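K.L.:
To start, I am sharing the structure in question, which I have written as structure tokens.
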Amino acid sequence: MPIVKNVSRAVSQLLQSSGCGCGVSIVPVRCIGVSPRQVASDASFHSVSFAESDHPRVLITGGLGQLGVGLAKLLRKRFGKNNVILSDIRKPADNVFYSGPFIYADILDYKNLREIVVNNRISWLFHYSALLSAVGEANVPLARAVNITGLHNVLDIASEHNLRLFVPSTIGAFGPTSPRDPTPDLCIQRPRTIYGVSKVHAELMGEYYHYRYGLDFRCLRYPGIISADSQPGGGTTDYAVQIFHDAIKTGKFQCNLKPDTRLPMMYIDDCLKATLEVMEAPAEALSMRTYNISAMSFTPEELAQEVQKHVPELQVTYNVDGVRQAIADSWPMNFDDTNARRDWGWKHDYDLPELVTTMFSFLGSDSRIAQAN
Ligand SMILES: NC(=O)C1=CN([C@@H]2O[C@H](COP(=O)(O)OP(=O)(O)OC[C@H]3O[C@@H](n4cnc5c(N)ncnc54)[C@H](O)[C@@H]3O)[C@@H](O)[C@H]2O)C=CC1
Ligand SMILES: CC(=O)[C@H](N)C(=O)O
């Protein structure tokens with residue numbers, strides 16, 4: 001890890017020799033200096049009203065993926081529009097750009113990321129940038145860079161600037177030697193994807209920074225997330241989103257996993273609710289820093305049957321993708337989230353029937369059903 005060890009050591013010696021005995025945690029320091037580059041586009045974020053300044057100042061990295069825009073919407077409702085900055089390396093759609101502050105942030109550019117945190121007085125960071133399981137296997141060097149090197153940048157900046165840091169993990173952080181039905185919080189984790197390996201690394205590094213430097217690191221292991229208004233970014237669980245779009249558009253769906261492949265899944269509103277809840281939980285309530293969260297578990301066959309209650313003419317065929325199937329076969333079938341429910345009161349709202357009804361009410365299945373009749 002490219003920490004400037006001498007600076008860290010010098011600070012450590014200084015504190016020890018000062019004899020203050022105040023128990024200050026030493027933060028990892030990369031380099032001390034001022035970046036000469038100003039981020040022009042952040043200028044408008046500097047004027048924050050007094051009312052808004054009571055709230056955390058939030059940055060979301062990788063915010064234009066499946067989950068980030070919804071998270072920004074939820075957090076802006078709670079903390080005020082200008083207190084939540086969405087960022088990514090992609091160009092935002094008009095509706096996203098005009099819905100609140102957006103900034104370019106490449107998590108591999110350490111100085112740029114630090115500048116954004118400093119100039120915008122960020123106090124909470126939600127680190128969503130990642131390459132998911134299937135795209136990660138297709139480009140391992142990029143997944144390693146984004147998911148591991150990027151995480152190191154985020155951890156160091158969060159430590160240096162005393163941020164509360166949320167990093168999502170996944171059911172993909174488990175592997176074929178983990179207990180799969182159910183999978184508890186603490187068990188063997190030997191995933192066989194670069195995505196899973198990088199997420200176990202993130203869990204361990206975050207927990208290490210918490211114990212070593214006092215970083216307020218919080219992490220949830222998400223199941224496969226299902227959403228209506230955003231497309232998934234290249235994961236193994238993507239089929240469970242695609243089926244809704246295909247049911248409405250064509251009435252035909254070709255599934256890339258076997259019909260009996262059981263995986264934990266969750267509706268996006270539950271996922272975002274849990275994320276905000278764990279970030280707002282008092283530190284004393286958290287007996288751990290990484291929690292499983294769970295809502296439902298189903299197979300493609302079970303999902304198809306539920307979807308057919310809304311679109312009875314839907315035809316489902318199976319054309320198994322070997323890479324995705326091997327990944328799914330190594331992941332949990334059911335997730336044990338007892339600790340999250342006990343420690344900070346986690347409770348999901350959506351089971352399979354409510355999930356399917358809600359998806360169709362967003363996507364407007366009525367038009368297809370009407371056409372079919
Ligand atoms: N969607 C899901 O089912 C699940 C998601 N998660 C985790 O939640 C987080 C968000 O997931 P999604 O939104 O689904 O991912 P996504 O793949 O849809 O979006 C990831 C975003 O990261 C951005 N990104 C890539 N390289 C970057 C870089 N160098 N700098 C900044 N941004 C960069 C991409 O442009 C993209 O918009 C990820 O960490 C993922 O591992 C965990 C479990 C399930
Ligand atoms: C479960 C996940 O982490 C993601 N949706 C994927 O399938 O890669």
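Residues in the structure tokens are numbered from 1 in each chain, the chains being A, B, ... in the order shown, and ligands are numbered from 1 in the order shown.
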Which residues of chain A come within 6 Å of ligand 1, and what is each one's closest atom pair and distance in Å (one decimal), counting only C-alpha atoms and all ligand atoms, sorted by chain and residue number, as a Markdown table?

P.N.:
```
| residue | atom | partner | partner_atom_place_in_ligand_line | distance |
| --- | --- | --- | --- | --- |
| A:Thr61 | CA | ligand 1 | 32 (N) | 5.8 |
| A:Gly62 | CA | ligand 1 | 22 (O) | 3.6 |
| A:Gly63 | CA | ligand 1 | 37 (O) | 5.7 |
| A:Leu64 | CA | ligand 1 | 37 (O) | 4.1 |
| A:Gly65 | CA | ligand 1 | 18 (O) | 3.2 |
| A:Gln66 | CA | ligand 1 | 13 (O) | 3.7 |
| A:Leu67 | CA | ligand 1 | 13 (O) | 3.9 |
| A:Gly68 | CA | ligand 1 | 13 (O) | 5.5 |
| A:Asp88 | CA | ligand 1 | 32 (N) | 4.5 |
| A:Ile89 | CA | ligand 1 | 31 (C) | 5.2 |
| A:Arg90 | CA | ligand 1 | 35 (O) | 5.4 |
| A:Ala105 | CA | ligand 1 | 31 (C) | 5.7 |
| A:Asp106 | CA | ligand 1 | 30 (N) | 3.6 |
| A:Ile107 | CA | ligand 1 | 30 (N) | 4.1 |
| A:Leu108 | CA | ligand 1 | 29 (N) | 5.3 |
| A:Tyr128 | CA | ligand 1 | 9 (C) | 4.1 |
| A:Ser129 | CA | ligand 1 | 22 (O) | 3.5 |
| A:Ala130 | CA | ligand 1 | 39 (O) | 4.7 |
| A:Leu131 | CA | ligand 1 | 17 (O) | 5.5 |
| A:Leu132 | CA | ligand 1 | 41 (O) | 5.6 |
| A:Val146 | CA | ligand 1 | 29 (N) | 5.4 |
| A:Pro168 | CA | ligand 1 | 7 (C) | 5.1 |
| A:Ser169 | CA | ligand 1 | 42 (C) | 5.2 |
| A:Thr170 | CA | ligand 1 | 43 (C) | 4.1 |
| A:Tyr222 | CA | ligand 1 | 43 (C) | 4.3 |
| A:Pro223 | CA | ligand 1 | 44 (C) | 5.2 |
| A:Gly224 | CA | ligand 1 | 3 (O) | 3.8 |
| A:Ile225 | CA | ligand 1 | 3 (O) | 3.7 |
| A:Pro232 | CA | ligand 1 | 18 (O) | 5.1 |
| A:Gly233 | CA | ligand 1 | 17 (O) | 3.7 |
```

K.L.:
Considering only C-alpha atoms, return as a PDB file with N, CA, C and O atoms, in the first residue's frame whatever protein or nucleic-acid residues lie within 8 Å of range 269-286 of chain A, sequence-local ones (same chain, fewer than 6 positions apart) excluded.

P.N.:
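The result, stored in selection.pdb:
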```pdb
ATOM      1  N   GLY A  70     -30.830   5.761  -7.389  1.00  0.00           N
ATOM      2  CA  GLY A  70     -31.877   5.549  -6.376  1.00  0.00           C
ATOM      3  C   GLY A  70     -31.377   5.928  -4.993  1.00  0.00           C
ATOM      4  O   GLY A  70     -32.111   6.518  -4.193  1.00  0.00           O
ATOM      5  N   LEU A  71     -30.125   5.598  -4.709  1.00  0.00           N
ATOM      6  CA  LEU A  71     -29.566   5.956  -3.399  1.00  0.00           C
ATOM      7  C   LEU A  71     -29.522   7.475  -3.252  1.00  0.00           C
ATOM      8  O   LEU A  71     -29.903   8.019  -2.207  1.00  0.00           O
ATOM      9  N   LEU A  74     -32.942   8.847  -2.420  1.00  0.00           N
ATOM     10  CA  LEU A  74     -33.324   8.595  -1.026  1.00  0.00           C
ATOM     11  C   LEU A  74     -32.574   9.531  -0.075  1.00  0.00           C
ATOM     12  O   LEU A  74     -33.152  10.128   0.836  1.00  0.00           O
ATOM     13  N   LEU A  75     -31.256   9.663  -0.293  1.00  0.00           N
ATOM     14  CA  LEU A  75     -30.450  10.480   0.622  1.00  0.00           C
ATOM     15  C   LEU A  75     -30.781  11.963   0.484  1.00  0.00           C
ATOM     16  O   LEU A  75     -30.736  12.714   1.460  1.00  0.00           O
ATOM     17  N   ARG A 164     -17.325   8.804   7.453  1.00  0.00           N
ATOM     18  CA  ARG A 164     -18.069   7.556   7.649  1.00  0.00           C
ATOM     19  C   ARG A 164     -18.145   6.915   6.269  1.00  0.00           C
ATOM     20  O   ARG A 164     -18.591   7.558   5.311  1.00  0.00           O
ATOM     21  N   PHE A 166     -19.289   3.787   3.670  1.00  0.00           N
ATOM     22  CA  PHE A 166     -20.074   2.588   3.358  1.00  0.00           C
ATOM     23  C   PHE A 166     -19.520   1.935   2.100  1.00  0.00           C
ATOM     24  O   PHE A 166     -19.391   2.578   1.058  1.00  0.00           O
ATOM     25  N   ARG A 218     -18.593   0.808   7.421  1.00  0.00           N
ATOM     26  CA  ARG A 218     -19.836   0.016   7.534  1.00  0.00           C
ATOM     27  C   ARG A 218     -20.072  -0.692   6.208  1.00  0.00           C
ATOM     28  O   ARG A 218     -19.916  -0.089   5.147  1.00  0.00           O
ATOM     29  N   LEU A 220     -22.529  -3.788   4.076  1.00  0.00           N
ATOM     30  CA  LEU A 220     -23.600  -4.789   3.989  1.00  0.00           C
ATOM     31  C   LEU A 220     -23.306  -5.702   2.817  1.00  0.00           C
ATOM     32  O   LEU A 220     -22.903  -5.224   1.748  1.00  0.00           O
ATOM     33  N   TYR A 222     -24.954  -7.359   0.034  1.00  0.00           N
ATOM     34  CA  TYR A 222     -26.237  -7.344  -0.675  1.00  0.00           C
ATOM     35  C   TYR A 222     -26.470  -8.670  -1.390  1.00  0.00           C
ATOM     36  O   TYR A 222     -25.547  -9.246  -1.967  1.00  0.00           O
ATOM     37  N   ILE A 225     -29.806  -7.582  -6.609  1.00  0.00           N
ATOM     38  CA  ILE A 225     -30.776  -6.497  -6.441  1.00  0.00           C
ATOM     39  C   ILE A 225     -31.613  -6.339  -7.714  1.00  0.00           C
ATOM     40  O   ILE A 225     -31.086  -6.331  -8.834  1.00  0.00           O
ATOM     41  N   ILE A 293     -27.497  -9.087   4.612  1.00  0.00           N
ATOM     42  CA  ILE A 293     -28.917  -8.715   4.671  1.00  0.00           C
ATOM     43  C   ILE A 293     -29.683  -9.587   3.681  1.00  0.00           C
ATOM     44  O   ILE A 293     -29.176  -9.917   2.604  1.00  0.00           O
ATOM     45  N   ASP A 343     -29.124  -6.534  15.704  1.00  0.00           N
ATOM     46  CA  ASP A 343     -28.309  -5.376  16.111  1.00  0.00           C
ATOM     47  C   ASP A 343     -28.956  -4.039  15.772  1.00  0.00           C
ATOM     48  O   ASP A 343     -28.936  -3.116  16.570  1.00  0.00           O
ATOM     49  N   TRP A 344     -29.470  -3.884  14.558  1.00  0.00           N
ATOM     50  CA  TRP A 344     -29.967  -2.551  14.185  1.00  0.00           C
ATOM     51  C   TRP A 344     -31.366  -2.601  13.579  1.00  0.00           C
ATOM     52  O   TRP A 344     -31.822  -1.657  12.945  1.00  0.00           O
ATOM     53  N   TRP A 346     -32.944  -4.550  11.308  1.00  0.00           N
ATOM     54  CA  TRP A 346     -33.217  -4.741   9.877  1.00  0.00           C
ATOM     55  C   TRP A 346     -34.476  -5.592   9.669  1.00  0.00           C
ATOM     56  O   TRP A 346     -34.679  -6.599  10.348  1.00  0.00           O
ATOM     57  N   HIS A 348     -37.043  -6.577   6.125  1.00  0.00           N
ATOM     58  CA  HIS A 348     -37.364  -6.288   4.725  1.00  0.00           C
ATOM     59  C   HIS A 348     -38.873  -6.089   4.544  1.00  0.00           C
ATOM     60  O   HIS A 348     -39.667  -6.583   5.346  1.00  0.00           O
ATOM     61  N   ASP A 349     -39.258  -5.383   3.478  1.00  0.00           N
ATOM     62  CA  ASP A 349     -40.676  -5.147   3.192  1.00  0.00           C
ATOM     63  C   ASP A 349     -41.193  -6.005   2.049  1.00  0.00           C
ATOM     64  O   ASP A 349     -42.391  -6.262   1.966  1.00  0.00           O
ATOM     65  N   TYR A 350     -40.308  -6.394   1.126  1.00  0.00           N
ATOM     66  CA  TYR A 350     -40.757  -7.050  -0.115  1.00  0.00           C
ATOM     67  C   TYR A 350     -40.398  -8.530  -0.149  1.00  0.00           C
ATOM     68  O   TYR A 350     -39.218  -8.891  -0.078  1.00  0.00           O
TER      69      TYR A 350
END
```

K.L.:
Can you pull out the residues contacting range 323-327 of chain A? Cut-off 8 Å, using only C-alpha atoms, and skip same-chain residues under 5 positions away; I want them as an NGL selection string.

P.N.:
:A and (134 or 192-193 or 236 or 256-258)

K.L.:
I'd like the interatomic distance between CA of Phe97 in chain A and CA of Val167 in chain A, to a tenth of an Å.

P.N.:
23.7 Å

K.L.:
Can you tell me, as a list in words, which residues in range 154-230 of chain A count as strand (DSSP E) by DSSP?

P.N.:
Arg164, Leu165, Phe166, Ser169, Thr170, Asp216, Phe217, Arg218, Cys219, Leu220, Arg221, Tyr222, Gly224, Ile225 and Ile226 of chain A

K.L.:
With N, CA, C and O atoms kept, could you save the residues just selected as an mmCIF file, in the first residue's frame?

P.N.:
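Generated output (out-v2.cif):
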```cif
data_model
loop_
_atom_site.group_PDB
_atom_site.id
_atom_site.type_symbol
_atom_site.label_atom_id
_atom_site.label_comp_id
_atom_site.auth_asym_id
_atom_site.auth_seq_id
_atom_site.Cartn_x
_atom_site.Cartn_y
_atom_site.Cartn_z
ATOM 1 N N ARG A 164 -17.325 8.804 7.453
ATOM 2 C CA ARG A 164 -18.069 7.556 7.649
ATOM 3 C C ARG A 164 -18.145 6.915 6.269
ATOM 4 O O ARG A 164 -18.591 7.558 5.311
ATOM 5 N N LEU A 165 -17.710 5.658 6.168
ATOM 6 C CA LEU A 165 -17.571 5.028 4.843
ATOM 7 C C LEU A 165 -18.453 3.798 4.720
ATOM 8 O O LEU A 165 -18.360 2.880 5.537
ATOM 9 N N PHE A 166 -19.289 3.787 3.670
ATOM 10 C CA PHE A 166 -20.074 2.588 3.358
ATOM 11 C C PHE A 166 -19.520 1.935 2.100
ATOM 12 O O PHE A 166 -19.391 2.578 1.058
ATOM 13 N N SER A 169 -20.743 -5.065 0.083
ATOM 14 C CA SER A 169 -20.211 -6.356 -0.345
ATOM 15 C C SER A 169 -21.376 -7.136 -0.955
ATOM 16 O O SER A 169 -22.396 -6.534 -1.320
ATOM 17 N N THR A 170 -21.275 -8.425 -1.051
ATOM 18 C CA THR A 170 -22.204 -9.184 -1.888
ATOM 19 C C THR A 170 -22.262 -10.649 -1.456
ATOM 20 O O THR A 170 -21.326 -11.155 -0.827
ATOM 21 N N ASP A 216 -14.676 4.772 10.547
ATOM 22 C CA ASP A 216 -16.081 4.374 10.741
ATOM 23 C C ASP A 216 -16.563 3.662 9.474
ATOM 24 O O ASP A 216 -17.296 4.223 8.653
ATOM 25 N N PHE A 217 -16.134 2.420 9.330
ATOM 26 C CA PHE A 217 -16.420 1.606 8.144
ATOM 27 C C PHE A 217 -17.680 0.779 8.387
ATOM 28 O O PHE A 217 -17.813 0.139 9.427
ATOM 29 N N ARG A 218 -18.593 0.808 7.421
ATOM 30 C CA ARG A 218 -19.836 0.016 7.534
ATOM 31 C C ARG A 218 -20.072 -0.692 6.208
ATOM 32 O O ARG A 218 -19.916 -0.089 5.147
ATOM 33 N N CYS A 219 -20.478 -1.952 6.285
ATOM 34 C CA CYS A 219 -20.563 -2.764 5.068
ATOM 35 C C CYS A 219 -21.751 -3.719 5.157
ATOM 36 O O CYS A 219 -21.973 -4.347 6.188
ATOM 37 N N LEU A 220 -22.529 -3.788 4.076
ATOM 38 C CA LEU A 220 -23.600 -4.789 3.989
ATOM 39 C C LEU A 220 -23.306 -5.702 2.817
ATOM 40 O O LEU A 220 -22.903 -5.224 1.748
ATOM 41 N N ARG A 221 -23.560 -6.977 3.002
ATOM 42 C CA ARG A 221 -23.470 -7.903 1.869
ATOM 43 C C ARG A 221 -24.853 -7.957 1.223
ATOM 44 O O ARG A 221 -25.800 -8.503 1.805
ATOM 45 N N TYR A 222 -24.954 -7.359 0.034
ATOM 46 C CA TYR A 222 -26.237 -7.344 -0.675
ATOM 47 C C TYR A 222 -26.470 -8.670 -1.390
ATOM 48 O O TYR A 222 -25.547 -9.246 -1.967
ATOM 49 N N GLY A 224 -28.652 -10.361 -4.817
ATOM 50 C CA GLY A 224 -28.906 -9.808 -6.150
ATOM 51 C C GLY A 224 -30.017 -8.774 -6.038
ATOM 52 O O GLY A 224 -31.059 -9.034 -5.439
ATOM 53 N N ILE A 225 -29.806 -7.582 -6.609
ATOM 54 C CA ILE A 225 -30.776 -6.497 -6.441
ATOM 55 C C ILE A 225 -31.613 -6.339 -7.714
ATOM 56 O O ILE A 225 -31.086 -6.331 -8.834
ATOM 57 N N ILE A 226 -32.930 -6.180 -7.499
ATOM 58 C CA ILE A 226 -33.872 -6.090 -8.616
ATOM 59 C C ILE A 226 -34.508 -4.701 -8.610
ATOM 60 O O ILE A 226 -35.013 -4.248 -7.587
#
```

K.L.:
Pick out the residues sitting within 8 Å of Ser227 in chain A, and hand them over as number ranges by chain; count only C-alpha atoms, and ignore anything fewer than 4 positions along from it in its own chain.

P.N.:
A: 66, 231, 241, 267-268, 359

K.L.:
Among range 223-370 of chain A, which residues does DSSP mark as alpha helix (DSSP H) when it is run on the backbone? Keep the chain and numbering as in the structure and answer as an MDAnalysis selection string.

P.N.:
chainID A and resid 239:249 268:280 300:308 322:329 338:344 352:363 366:370

K.L.:
Give me a file of those residues, with C-alpha atoms, as a compact mmCIF listing (two decimals), in the first residue's frame.

P.N.:
```txt
# COMPACT_ATOMS: atom_id res chain seq x y z
CA TYR A 239 -31.60 -12.45 -15.32
CA ALA A 240 -34.01 -11.57 -12.52
CA VAL A 241 -34.28 -8.02 -13.87
CA GLN A 242 -34.24 -8.90 -17.58
CA ILE A 243 -37.23 -11.25 -17.29
CA PHE A 244 -39.53 -8.30 -16.49
CA HIS A 245 -38.40 -6.24 -19.48
CA ASP A 246 -38.67 -9.20 -21.86
CA ALA A 247 -42.06 -10.27 -20.49
CA ILE A 248 -43.42 -6.83 -21.32
CA LYS A 249 -41.60 -6.21 -24.62
CA ILE A 268 -34.00 -2.14 -4.56
CA ASP A 269 -36.09 -0.18 -2.03
CA ASP A 270 -35.23 -2.69 0.69
CA CYS A 271 -31.55 -2.56 -0.26
CA LEU A 272 -31.39 1.24 -0.11
CA LYS A 273 -33.43 1.35 3.10
CA ALA A 274 -30.96 -1.06 4.76
CA THR A 275 -28.03 1.02 3.52
CA LEU A 276 -29.35 4.22 5.07
CA GLU A 277 -30.35 2.40 8.28
CA VAL A 278 -26.93 0.88 8.87
CA MET A 279 -25.27 4.25 8.20
CA GLU A 280 -27.54 5.95 10.71
CA PRO A 300 -35.61 -18.78 -12.23
CA GLU A 301 -38.48 -21.28 -12.41
CA GLU A 302 -40.17 -19.84 -9.31
CA LEU A 303 -39.69 -16.28 -10.55
CA ALA A 304 -41.10 -17.19 -13.97
CA GLN A 305 -44.21 -18.71 -12.34
CA GLU A 306 -44.81 -15.51 -10.37
CA VAL A 307 -44.25 -13.36 -13.46
CA GLN A 308 -46.70 -15.54 -15.41
CA GLY A 322 -21.37 -21.68 -18.36
CA VAL A 323 -19.49 -18.83 -16.69
CA ARG A 324 -22.54 -17.40 -14.93
CA GLN A 325 -23.84 -20.86 -13.96
CA ALA A 326 -20.51 -21.81 -12.35
CA ILE A 327 -20.55 -18.56 -10.40
CA ALA A 328 -24.16 -19.01 -9.26
CA ASP A 329 -23.49 -22.61 -8.21
CA THR A 338 -29.95 -12.76 12.03
CA ASN A 339 -27.25 -10.37 13.24
CA ALA A 340 -28.52 -7.40 11.18
CA ARG A 341 -32.07 -8.02 12.44
CA ARG A 342 -30.89 -8.21 16.06
CA ASP A 343 -28.31 -5.38 16.11
CA TRP A 344 -29.97 -2.55 14.18
CA LEU A 352 -41.52 -12.38 -4.09
CA PRO A 353 -45.23 -11.57 -4.80
CA GLU A 354 -44.86 -7.90 -3.74
CA LEU A 355 -41.61 -7.61 -5.69
CA VAL A 356 -43.24 -8.85 -8.92
CA THR A 357 -46.35 -6.70 -8.51
CA THR A 358 -44.22 -3.63 -7.82
CA MET A 359 -41.96 -4.26 -10.82
CA PHE A 360 -44.96 -4.52 -13.13
CA SER A 361 -46.61 -1.46 -11.68
CA PHE A 362 -43.43 0.51 -12.53
CA LEU A 363 -42.87 -1.05 -15.93
CA ASP A 366 -50.96 -3.48 -18.42
CA SER A 367 -50.06 -2.45 -21.95
CA ARG A 368 -48.84 -5.95 -22.87
CA ILE A 369 -51.67 -7.75 -21.09
CA ALA A 370 -54.10 -5.50 -22.92
```

K.L.:
Point out the residue among A:Pro332, A:Pro28, A:Pro312, A:Pro179 with the least atom-to-atom distance to ligand 2, counting only C-alpha atoms and all ligand atoms.

P.N.:
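So, comparing all the options, the nearest one is A:Pro332.
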
K.L.:
Mind giving me the straight-line distance from CA of Glu207 in chain A to CA of Arg289 in chain A in Å, one decimal?

P.N.:
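Separating CA of Glu207 in chain A from CA of Arg289 in chain A is a distance of 6.5 Å.
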
K.L.:
Considering only C-alpha atoms, state which residue in the set A:Arg76, A:Asn82, A:Phe174, A:Val118 is at the smallest distance from Leu186 in chain A.

P.N.:
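Result for the nearest residue to Leu186 in chain A: A:Phe174.
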
K.L.:
Pick out the closest residue to ligand 2 from this set: A:Val200, A:Ala93, A:Leu215, A:Val117. Count only C-alpha atoms and all ligand atoms.

P.N.:
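Of A:Val200, A:Ala93, A:Leu215, A:Val117, the one nearest ligand 2 is A:Val200, counting only C-alpha atoms and all ligand atoms.
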
K.L.:
Using only C-alpha atoms and all ligand atoms, can you tell me which of A:Ser198, A:Asn120, A:Asn334, A:Ser133 comes closest to ligand 2?

P.N.:
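Among the listed residues, A:Ser133 lies closest to ligand 2.
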
K.L.:
My list of candidates is A:Asp321, A:Asp260, A:Glu137, A:Glu203. Which is closest to ligand 2 when distances are computed with only C-alpha atoms and all ligand atoms?

P.N.:
A:Glu137

K.L.:
Would you mind reading off the distance between CA of Gln254 in chain A and CA of Ala173 in chain A, one decimal, in Å?

P.N.:
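Separating CA of Gln254 in chain A from CA of Ala173 in chain A is a distance of 27.0 Å.
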
K.L.:
Select, from A:Ala72, A:Ile171, A:Cys187, A:Ile116, the residue with the minimum atom-to-atom distance to ligand 2, counting only C-alpha atoms and all ligand atoms.

P.N.:
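Checking each of A:Ala72, A:Ile171, A:Cys187, A:Ile116 against ligand 2, counting only C-alpha atoms and all ligand atoms, the winner is A:Ile171.
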